[in-house]
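Pasted below: model.txt, compact mmCIF, C-alpha atoms.
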# COMPACT_ATOMS: atom_id res chain seq x y z
CA MET A 1 2.85 -93.26 44.98
CA HIS A 2 3.99 -90.36 42.82
CA LYS A 3 5.57 -90.98 39.45
CA LYS A 4 8.31 -88.86 37.96
CA ILE A 5 7.30 -86.88 34.91
CA ALA A 6 9.51 -85.05 32.41
CA LEU A 7 8.83 -81.33 32.90
CA LYS A 8 10.82 -79.60 30.16
CA PRO A 9 9.09 -76.50 28.74
CA ILE A 10 9.81 -76.01 25.07
CA THR A 11 11.61 -72.69 24.81
CA PHE A 12 11.45 -72.48 21.03
CA LEU A 13 7.64 -72.45 21.19
CA LEU A 14 7.56 -69.14 22.99
CA LEU A 15 10.39 -67.65 20.95
CA LEU A 16 8.65 -68.54 17.68
CA VAL A 17 5.42 -67.01 18.96
CA THR A 18 7.40 -63.85 19.72
CA PHE A 19 8.88 -63.69 16.23
CA LEU A 20 5.58 -64.18 14.40
CA SER A 21 3.72 -61.66 16.54
CA TYR A 22 6.07 -58.80 15.67
CA GLY A 23 3.89 -57.79 12.75
CA GLU A 24 0.78 -57.32 14.87
CA GLU A 25 1.81 -54.13 16.63
CA GLY A 26 -0.60 -51.34 17.43
CA GLU A 27 -0.80 -48.03 19.18
CA HIS A 28 -3.26 -45.85 20.96
CA GLU A 29 -5.07 -43.80 18.36
CA MET A 30 -8.16 -43.04 20.38
CA SER A 31 -8.95 -39.98 22.39
CA TYR A 32 -11.97 -40.11 24.57
CA SER A 33 -12.13 -36.40 25.29
CA ASP A 34 -12.83 -35.11 21.77
CA GLY A 35 -16.56 -34.68 22.09
CA LYS A 36 -17.64 -38.12 20.92
CA ASP A 37 -20.93 -39.53 22.14
CA THR A 38 -20.87 -42.28 24.74
CA LYS A 39 -21.74 -45.07 22.29
CA THR A 40 -18.84 -44.11 20.00
CA GLU A 41 -16.47 -43.93 22.96
CA VAL A 42 -17.52 -47.39 24.13
CA GLN A 43 -16.96 -48.84 20.66
CA ALA A 44 -13.57 -47.14 20.45
CA TYR A 45 -12.59 -48.46 23.87
CA ILE A 46 -13.50 -52.03 22.92
CA GLN A 47 -11.37 -51.79 19.78
CA HIS A 48 -8.53 -50.28 21.79
CA HIS A 49 -8.77 -53.03 24.43
CA LEU A 50 -8.29 -55.70 21.75
CA LYS A 51 -5.29 -54.02 20.12
CA ASP A 52 -1.62 -54.39 20.73
CA SER A 53 0.35 -51.21 21.43
CA TYR A 54 3.86 -49.81 21.35
CA ASP A 55 3.71 -48.78 25.00
CA PHE A 56 2.47 -50.42 28.17
CA ASN A 57 -0.53 -48.32 29.14
CA LEU A 58 -2.16 -49.18 32.47
CA PHE A 59 -4.87 -46.52 32.43
CA SER A 60 -5.49 -42.94 31.32
CA TYR A 61 -7.42 -39.97 32.64
CA THR A 62 -8.15 -36.38 31.66
CA LYS A 63 -6.76 -33.49 33.71
CA ASP A 64 -7.31 -29.85 32.75
CA GLY A 65 -8.37 -30.92 29.25
CA GLU A 66 -5.23 -33.01 28.73
CA GLU A 67 -5.24 -36.82 28.53
CA ILE A 68 -2.74 -38.32 30.96
CA HIS A 69 -1.46 -41.87 30.34
CA ALA A 70 -0.14 -44.00 33.20
CA GLY A 71 2.33 -46.61 31.99
CA PHE A 72 5.74 -46.85 30.38
CA PRO A 73 7.12 -46.83 26.81
CA LEU A 74 8.60 -49.84 25.04
CA PRO A 75 11.51 -50.04 22.59
CA VAL A 76 10.77 -49.55 18.89
CA ILE A 77 13.15 -51.53 16.67
CA LEU A 78 13.08 -50.77 12.94
CA TRP A 79 15.26 -51.78 10.01
CA ASP A 80 15.32 -48.94 7.50
CA ASP A 81 18.68 -48.70 5.72
CA GLY A 82 20.17 -49.76 9.02
CA LEU A 83 19.01 -50.49 12.52
CA LYS A 84 16.88 -47.81 14.22
CA VAL A 85 16.19 -48.25 17.93
CA PHE A 86 14.28 -45.66 19.94
CA SER A 87 11.63 -45.29 22.62
CA SER A 88 7.94 -45.37 21.71
CA SER A 89 7.54 -42.20 23.78
CA LYS A 90 8.65 -40.32 20.65
CA PHE A 91 5.23 -41.07 19.16
CA HIS A 92 3.39 -39.58 22.18
CA HIS A 93 0.75 -42.33 21.99
CA GLY A 94 0.46 -42.05 18.22
CA GLU A 95 -0.21 -38.31 18.20
CA THR A 96 3.13 -37.06 16.83
CA VAL A 97 5.80 -37.93 14.26
CA ALA A 98 9.00 -39.55 15.55
CA GLU A 99 12.31 -38.21 14.20
CA VAL A 100 15.20 -40.70 14.29
CA GLY A 101 18.54 -40.08 12.60
CA GLY A 102 17.05 -37.63 10.12
CA ASP A 103 14.17 -39.97 9.17
CA TYR A 104 10.55 -39.49 10.21
CA TYR A 105 8.05 -42.16 11.21
CA LYS A 106 4.35 -42.08 11.98
CA ILE A 107 1.81 -44.59 13.24
CA PHE A 108 -1.13 -45.10 10.90
CA HIS A 109 -3.75 -47.80 11.50
CA SER A 110 -1.49 -49.57 14.03
CA LYS A 111 1.50 -49.71 11.67
CA ILE A 112 4.66 -47.61 11.48
CA TYR A 113 5.25 -45.84 8.17
CA LYS A 114 8.01 -43.60 6.94
CA VAL A 115 6.92 -40.02 6.18
CA ASP A 116 8.59 -37.18 4.35
CA GLY A 117 8.89 -34.71 7.18
CA PRO A 118 7.76 -33.55 10.62
CA ASP A 119 4.23 -32.92 9.33
CA GLY A 120 3.75 -36.68 9.00
CA HIS A 121 1.92 -36.75 5.67
CA ILE A 122 0.46 -40.18 4.89
CA VAL A 123 -0.42 -40.87 1.25
CA GLU A 124 -3.50 -43.07 0.89
CA ASP A 125 -4.99 -44.89 -2.07
CA GLU A 126 -8.69 -44.96 -2.96
CA HIS A 127 -9.26 -47.71 -0.39
CA GLY A 128 -7.62 -45.82 2.46
CA HIS A 129 -4.43 -47.91 2.47
CA ALA A 130 -1.15 -46.15 3.13
CA LEU A 131 1.26 -45.94 0.21
CA ASN A 132 4.21 -44.78 2.30
CA GLU A 133 7.27 -46.94 2.71
CA LYS A 134 6.94 -49.35 5.63
CA PRO A 135 10.19 -50.32 7.40
CA LEU A 136 10.75 -53.78 8.82
CA ASP A 137 9.35 -53.69 12.33
CA PHE A 138 10.80 -55.82 15.13
CA SER A 139 9.51 -53.69 18.00
CA ILE A 140 8.91 -54.99 21.51
CA THR A 141 5.18 -54.30 21.72
CA LYS A 142 2.96 -54.94 24.70
CA ASN A 143 2.03 -58.39 23.41
CA VAL A 144 5.66 -59.31 22.80
CA LEU A 145 6.54 -58.18 26.32
CA MET A 146 3.69 -60.32 27.57
CA ILE A 147 5.10 -63.34 25.74
CA PHE A 148 8.42 -62.89 27.50
CA MET A 149 6.58 -62.59 30.83
CA ILE A 150 4.60 -65.79 30.20
CA PHE A 151 7.80 -67.54 29.11
CA ALA A 152 9.41 -66.55 32.42
CA ILE A 153 6.37 -67.68 34.42
CA VAL A 154 6.10 -71.06 32.67
CA PHE A 155 9.85 -71.65 32.86
CA ILE A 156 9.99 -70.84 36.60
CA ILE A 157 6.95 -73.00 37.34
CA PHE A 158 8.32 -76.06 35.55
CA TYR A 159 11.90 -75.55 36.68
CA ARG A 160 10.98 -75.27 40.36
CA MET A 161 8.60 -78.20 40.10
CA ALA A 162 11.28 -80.37 38.47
CA ARG A 163 13.72 -79.43 41.25
CA THR A 164 11.26 -80.49 43.94
CA TYR A 165 10.83 -83.86 42.20
CA ARG A 166 14.58 -84.44 42.16
CA SER A 167 15.27 -83.22 45.69
CA ASN A 168 12.25 -84.78 47.38
CA GLY A 169 12.36 -88.33 46.07
CA GLY A 170 9.79 -87.83 43.30
CA ILE A 171 7.25 -86.21 45.61
CA PRO A 172 6.32 -82.57 44.93
CA LYS A 173 6.11 -79.94 47.59
CA GLY A 174 4.92 -76.39 47.85
CA PHE A 175 3.31 -75.04 44.69
CA GLY A 176 4.16 -78.30 42.93
CA ARG A 177 1.44 -80.07 44.91
CA LEU A 178 -1.15 -77.82 43.29
CA LEU A 179 0.25 -78.35 39.78
CA GLU A 180 0.83 -82.09 39.99
CA PRO A 181 -2.85 -83.07 39.55
CA ILE A 182 -3.02 -80.87 36.44
CA VAL A 183 0.15 -82.42 35.01
CA LEU A 184 -1.11 -85.93 35.77
CA TYR A 185 -4.45 -85.09 34.18
CA VAL A 186 -2.73 -83.96 30.97
CA ARG A 187 -0.72 -87.17 30.98
CA ASP A 188 -3.42 -89.69 31.97
CA GLU A 189 -6.52 -88.14 30.37
CA ILE A 190 -5.10 -86.38 27.31
CA ALA A 191 -1.72 -87.75 26.23
CA ILE A 192 -2.03 -91.48 26.91
CA PRO A 193 -5.61 -92.02 25.61
CA ASN A 194 -4.98 -90.07 22.39
CA ILE A 195 -1.34 -90.93 21.63
CA GLY A 196 -0.86 -94.28 23.33
CA GLU A 197 1.42 -95.68 26.02
CA LYS A 198 4.23 -96.32 23.55
CA HIS A 199 4.66 -92.80 22.15
CA TYR A 200 3.09 -90.30 24.56
CA LYS A 201 6.33 -89.40 26.40
CA ARG A 202 7.78 -87.81 23.25
CA TYR A 203 5.01 -85.22 23.26
CA MET A 204 4.46 -84.56 26.96
CA SER A 205 6.81 -81.56 27.04
CA TYR A 206 4.97 -79.84 24.23
CA LEU A 207 1.50 -80.67 25.52
CA LEU A 208 2.28 -79.39 29.01
CA THR A 209 3.89 -76.24 27.64
CA VAL A 210 1.06 -75.36 25.27
CA PHE A 211 -1.59 -76.09 27.92
CA PHE A 212 -0.05 -73.88 30.58
CA PHE A 213 0.93 -71.20 28.06
CA ILE A 214 -2.61 -70.79 26.68
CA TRP A 215 -4.20 -71.04 30.09
CA ILE A 216 -2.00 -68.40 31.71
CA VAL A 217 -2.26 -66.12 28.66
CA ASN A 218 -6.06 -66.33 28.76
CA LEU A 219 -6.12 -65.54 32.47
CA PHE A 220 -3.96 -62.45 31.94
CA GLY A 221 -6.31 -61.45 29.11
CA LEU A 222 -9.11 -61.08 31.64
CA THR A 223 -7.23 -58.39 33.54
CA PRO A 224 -7.95 -54.68 32.89
CA ILE A 225 -4.43 -54.25 31.47
CA GLY A 226 -5.69 -55.72 28.21
CA MET A 227 -2.89 -58.14 27.28
CA ASN A 228 -4.86 -60.37 24.93
CA LEU A 229 -2.36 -62.63 23.19
CA THR A 230 -4.75 -65.31 21.99
CA ASN A 231 -6.95 -62.79 20.21
CA ASN A 232 -3.90 -62.02 18.07
CA ILE A 233 -4.20 -64.18 14.96
CA ALA A 234 -0.40 -64.34 14.59
CA VAL A 235 -0.03 -65.99 18.00
CA THR A 236 -2.74 -68.61 17.42
CA MET A 237 -1.34 -69.23 13.93
CA CYS A 238 2.09 -69.91 15.41
CA LEU A 239 0.72 -72.36 17.97
CA ALA A 240 -1.27 -74.18 15.29
CA LEU A 241 1.76 -74.18 12.98
CA ILE A 242 3.90 -75.90 15.62
CA THR A 243 1.23 -78.57 16.09
CA PHE A 244 1.09 -79.02 12.31
CA LEU A 245 4.88 -79.38 12.00
CA ILE A 246 5.11 -81.88 14.86
CA THR A 247 2.26 -83.91 13.37
CA THR A 248 3.78 -83.85 9.88
CA PHE A 249 7.27 -84.89 10.93
CA SER A 250 5.91 -87.51 13.34
CA GLY A 251 3.79 -89.20 10.70
CA ASN A 252 4.73 -92.83 10.11
CA LYS A 253 4.27 -94.95 7.00
CA ASN A 254 0.77 -95.99 8.04
CA TYR A 255 -0.28 -92.33 8.50
CA TRP A 256 0.82 -91.22 5.05
CA LYS A 257 -0.55 -94.41 3.45
CA HIS A 258 -4.03 -93.58 4.74
CA ILE A 259 -3.71 -90.09 3.25
CA PHE A 260 -2.36 -90.86 -0.23
CA TRP A 261 -3.44 -94.48 -0.84
CA MET A 262 -6.10 -95.62 1.62
CA PRO A 263 -6.30 -99.41 1.98
CA GLY A 264 -9.56 -101.11 1.20
CA VAL A 265 -10.77 -98.35 -1.13
CA PRO A 266 -11.16 -98.79 -4.92
CA TRP A 267 -8.29 -97.12 -6.77
CA PRO A 268 -10.48 -94.56 -8.61
CA MET A 269 -11.73 -93.33 -5.25
CA LYS A 270 -8.17 -93.25 -3.93
CA ILE A 271 -7.26 -90.76 -6.64
CA ILE A 272 -10.23 -88.57 -5.73
CA LEU A 273 -9.84 -88.81 -1.96
CA ALA A 274 -6.06 -88.33 -1.77
CA PRO A 275 -6.16 -84.53 -2.45
CA ILE A 276 -9.04 -84.18 0.01
CA GLU A 277 -7.16 -86.06 2.72
CA LEU A 278 -4.03 -84.01 2.04
CA LEU A 279 -6.07 -80.82 2.31
CA GLY A 280 -7.42 -82.14 5.61
CA THR A 281 -3.92 -82.10 7.10
CA ILE A 282 -3.90 -78.33 6.55
CA ILE A 283 -7.50 -77.72 7.57
CA LYS A 284 -6.97 -79.31 10.98
CA PRO A 285 -4.34 -76.83 12.24
CA PHE A 286 -6.27 -74.01 10.54
CA ALA A 287 -9.32 -74.98 12.60
CA LEU A 288 -7.12 -74.98 15.72
CA MET A 289 -5.98 -71.46 14.92
CA ILE A 290 -9.43 -70.05 14.20
CA ARG A 291 -11.14 -71.81 17.11
CA LEU A 292 -8.80 -70.39 19.71
CA TYR A 293 -8.68 -66.92 18.13
CA ALA A 294 -12.42 -66.61 17.54
CA ASN A 295 -13.55 -67.90 20.94
CA ILE A 296 -11.23 -65.66 22.93
CA THR A 297 -11.88 -62.58 20.78
CA ALA A 298 -15.66 -63.07 20.85
CA GLY A 299 -15.61 -63.53 24.62
CA HIS A 300 -13.72 -60.28 25.14
CA ILE A 301 -15.99 -58.34 22.79
CA VAL A 302 -19.16 -59.59 24.47
CA LEU A 303 -17.83 -58.92 27.96
CA MET A 304 -16.58 -55.43 27.09
CA SER A 305 -19.85 -54.63 25.30
CA ILE A 306 -21.88 -55.52 28.37
CA ILE A 307 -19.60 -53.44 30.56
CA GLY A 308 -20.13 -50.57 28.10
CA LEU A 309 -23.89 -50.86 28.59
CA ILE A 310 -23.36 -49.66 32.16
CA PHE A 311 -22.41 -46.24 30.77
CA LEU A 312 -25.13 -46.21 28.11
CA PHE A 313 -28.07 -46.79 30.44
CA GLU A 314 -29.35 -43.65 32.11
CA ASN A 315 -31.00 -45.36 35.06
CA TRP A 316 -29.69 -47.38 37.95
CA ILE A 317 -31.78 -50.47 37.11
CA GLY A 318 -30.23 -50.99 33.66
CA SER A 319 -26.74 -50.23 34.89
CA SER A 320 -27.09 -52.63 37.82
CA LEU A 321 -28.37 -55.43 35.61
CA SER A 322 -25.51 -54.84 33.14
CA PHE A 323 -22.99 -54.98 35.98
CA LEU A 324 -24.49 -58.23 37.27
CA LEU A 325 -24.45 -59.82 33.82
CA ALA A 326 -20.86 -58.65 33.24
CA PHE A 327 -19.84 -60.17 36.57
CA VAL A 328 -21.43 -63.53 35.68
CA LEU A 329 -19.78 -63.53 32.24
CA ALA A 330 -16.41 -62.67 33.80
CA ILE A 331 -16.71 -65.78 35.99
CA LEU A 332 -17.67 -67.78 32.90
CA GLU A 333 -14.60 -66.42 31.10
CA LEU A 334 -12.43 -68.01 33.78
CA LEU A 335 -13.86 -71.37 32.75
CA VAL A 336 -13.42 -70.55 29.06
CA ALA A 337 -9.75 -69.67 29.68
CA ALA A 338 -9.05 -73.20 30.92
CA LEU A 339 -11.45 -74.83 28.44
CA GLN A 340 -9.70 -73.35 25.40
CA ALA A 341 -6.32 -74.52 26.70
CA TYR A 342 -7.81 -77.99 27.24
CA ILE A 343 -9.37 -78.16 23.76
CA PHE A 344 -6.18 -77.04 22.00
CA THR A 345 -4.13 -79.59 23.95
CA VAL A 346 -6.60 -82.44 23.35
CA LEU A 347 -6.80 -81.82 19.62
CA SER A 348 -3.02 -81.54 19.36
CA ALA A 349 -2.65 -84.88 21.17
CA LEU A 350 -5.29 -86.41 18.89
CA TYR A 351 -3.40 -85.32 15.78
CA PHE A 352 -0.15 -86.69 17.20
CA GLY A 353 -1.88 -89.98 17.96
CA MET A 354 -3.17 -90.23 14.39
CA ALA A 355 0.35 -89.61 13.08
CA VAL A 356 2.02 -92.36 15.12
CA GLU A 357 -0.80 -94.91 15.15
CA GLU A 358 0.44 -98.39 14.30
CA HIS A 359 -1.12 -100.45 11.53
CA HIS A 360 -3.49 -103.16 12.76
CA ASP A 361 -4.77 -105.87 10.49
CA GLU A 362 -8.49 -106.27 10.86
CA ALA A 363 -10.35 -109.47 10.12
CA HIS A 364 -13.09 -109.03 7.48

What is this structure when it is put down as structure tokens?
Amino acid sequence: MHKKIALKPITFLLLLVTFLSYGEEGEHEMSYSDGKDTKTEVQAYIQHHLKDSYDFNLFSYTKDGEEIHAGFPLPVILWDDGLKVFSSSKFHHGETVAEVGGDYYKIFHSKIYKVDGPDGHIVEDEHGHALNEKPLDFSITKNVLMIFMIFAIVFIIFYRMARTYRSNGGIPKGFGRLLEPIVLYVRDEIAIPNIGEKHYKRYMSYLLTVFFFIWIVNLFGLTPIGMNLTNNIAVTMCLALITFLITTFSGNKNYWKHIFWMPGVPWPMKIILAPIELLGTIIKPFALMIRLYANITAGHIVLMSIIGLIFLFENWIGSSLSFLLAFVLAILELLVAALQAYIFTVLSALYFGMAVEEHHDEAH
């Protein structure tokens, strides 16, 4: 017998991720036809694959000495003494200065800076940091576009599944039959054991949303398009921040008592341990952020590095072995994509459970 489950994706989660990821924009600054050796080109390609960009570049190739990019530009939205909206095609993949309303802008180290003219002069300090004025940037980069796409996918999935539950007497049909075991697993194996029967329903919407969001994002990150949201520290920070806020505002009297004045502990130790416990409430979401970011980023770097070895070896044996190893790691990355979504969801549920845990008197 199938049970009805609340399937309400949390829209603000994805919108907040979008807002915080605005500052992580990037742009193509690499040219692979400038005489670089193969090793340098491979390193540059790996860095480029991990970056965000102001246009949606599918692939590029060289024709008659000119690099051709296949893709489409995205809107650049700046606030510089007023709103400035223009197409990223004005930058020509970071190679030229964009002129908008008499002002000039140039991309330098994946950021947009204001320059003093069409020559695009960037003033740098002794550490190589730009001293030019930097306008507020709210551009729709490739990662931001990807967030909107994932939002649409998650919303459609949950909305259609909820409709099938209502129209079919609580029994899913179609694609919902494939998703129902996953939803039930999140409920029965993650939410209820860690949060408890009494409180788990309050958090099911968030847990389902964050699980499917991270999972789908990680799967898209394995495609050649290079949309790697979870190797953007702003995105993982936002997800961890939401978990932190929910945990903090869900905390009951017993939760805060164990942080600031732990029962059964001598009062001098309470004074010493209280700051440590309070710091722990911040370290936990920080660990969530770093764990997701580091694992996904490291996986992409290793996989891309092994693929790059195919072009570095000058014999068919080394290239074949590199291809085989890259294929095996790509399959493993499919498992990692789901595993990271699972770990983030489990730890979030565990923190929620700690926040709402009821006080139980123990016999001593």

- CA of Gly251 (chain A) to CA of Val356 (chain A): how many Å, to one decimal?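 Pair CA of Gly251 (chain A) / CA of Val356 (chain A) returns 5.7 Å.
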
- Message: For a test of reading the model, state the distance in Å between CA of Leu292 (chain A) and CA of Ile216 (chain A), rounded to one decimal.
- Response: 13.9 Å

- Near Asp55 (chain A), within 7 Å and counting only C-alpha atoms, which residues show up once chain neighbours fewer than 3 positions away are dropped, as a list in words? Phe72, Pro73, Leu74, Ser88, Thr141 and Lys142 of chain A

- What is the distance, in Å and to one decimal place, between CA of Leu207 (chain A) and CA of Glu333 (chain A)? 22.2 Å

- Item | From A:Ala240, A:Leu339, A:Val302, A:Leu229, residue lying nearest Leu145 (chain A) [all atoms listed in the file] | A:Leu229

- Do a neighbour search on Ala337 (chain A) at 9 Å with all atoms listed in the file, toss out local chain neighbours closer than 5 positions, and write the hits as a list of chain:residue names.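 Everything that qualifies: A:Ile214, A:Trp215, A:Ile216, A:Val217, A:Asn218, A:Leu219, A:Gly221, A:Leu222, A:Ile296, A:Leu332, A:Tyr342.
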
Using all atoms listed in the file, what residues lie at most 7 Å away from (14.0, -50.5, 16.6) (file coordinates), given as a compact mmCIF listing (two decimals) with C-alpha atoms, keeping the file's coordinate frame?
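Wrote out.txt, looks like this:
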# COMPACT_ATOMS: atom_id res chain seq x y z
CA PRO A 75 11.51 -50.04 22.59
CA VAL A 76 10.77 -49.55 18.89
CA ILE A 77 13.15 -51.53 16.67
CA LEU A 78 13.08 -50.77 12.94
CA TRP A 79 15.26 -51.78 10.01
CA LEU A 83 19.01 -50.49 12.52
CA LYS A 84 16.88 -47.81 14.22
CA VAL A 85 16.19 -48.25 17.93
CA PHE A 86 14.28 -45.66 19.94
CA PHE A 138 10.80 -55.82 15.13
CA SER A 139 9.51 -53.69 18.00

- From A:Ala349, A:Leu334, A:Ala355, A:Ile290, residue lying nearest Tyr203 (chain A) [all atoms listed in the file]: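 Of A:Ala349, A:Leu334, A:Ala355, A:Ile290, the one nearest Tyr203 (chain A) is A:Ala349, counting all atoms listed in the file.
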
- Item | Selected residue of minimal separation from Leu241 (chain A) among A:Asn132, A:Ser89, A:Ser205, A:Ser348, counting all atoms listed in the file | A:Ser348

- Counting all atoms listed in the file, figure out which residue out of A:Ile246, A:Val336, A:Ile306, A:Leu347 gets nearest to Ser322 (chain A).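 Checking each of A:Ile246, A:Val336, A:Ile306, A:Leu347 against Ser322 (chain A), counting all atoms listed in the file, the winner is A:Ile306.
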
- Compare A:Leu136, A:Val97, A:Ile147, A:Met204 by their minimum atom-to-atom distance to Pro118 (chain A), counting only C-alpha atoms, and give me the closest one.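 Nearest to Pro118 (chain A): A:Val97.
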
Could you write out as AutoDock Vina command-line options the box around region 211-224 of chain A (axis-aligned, all atoms listed in the file, 3 Å on each side), with centre and edge lengths in Å to one decimal?
--center_x -4.1 --center_y -65.4 --center_z 30.1 --size_x 16.0 --size_y 27.4 --size_z 12.9

- Message: Distance cut-off 10 Å, centre (5.7, -43.3, 1.0) in file coordinates, counting all atoms listed in the file: which residues qualify? Return them as a ChimeraX atom specification.
- Response: /A:113-116,121-124,130-134

- Shortest contact to Gly82 (chain A), candidates A:Pro135, A:Gly264, A:Gly120, A:Gly128, atoms counted all atoms listed in the file, goes to A:Pro135
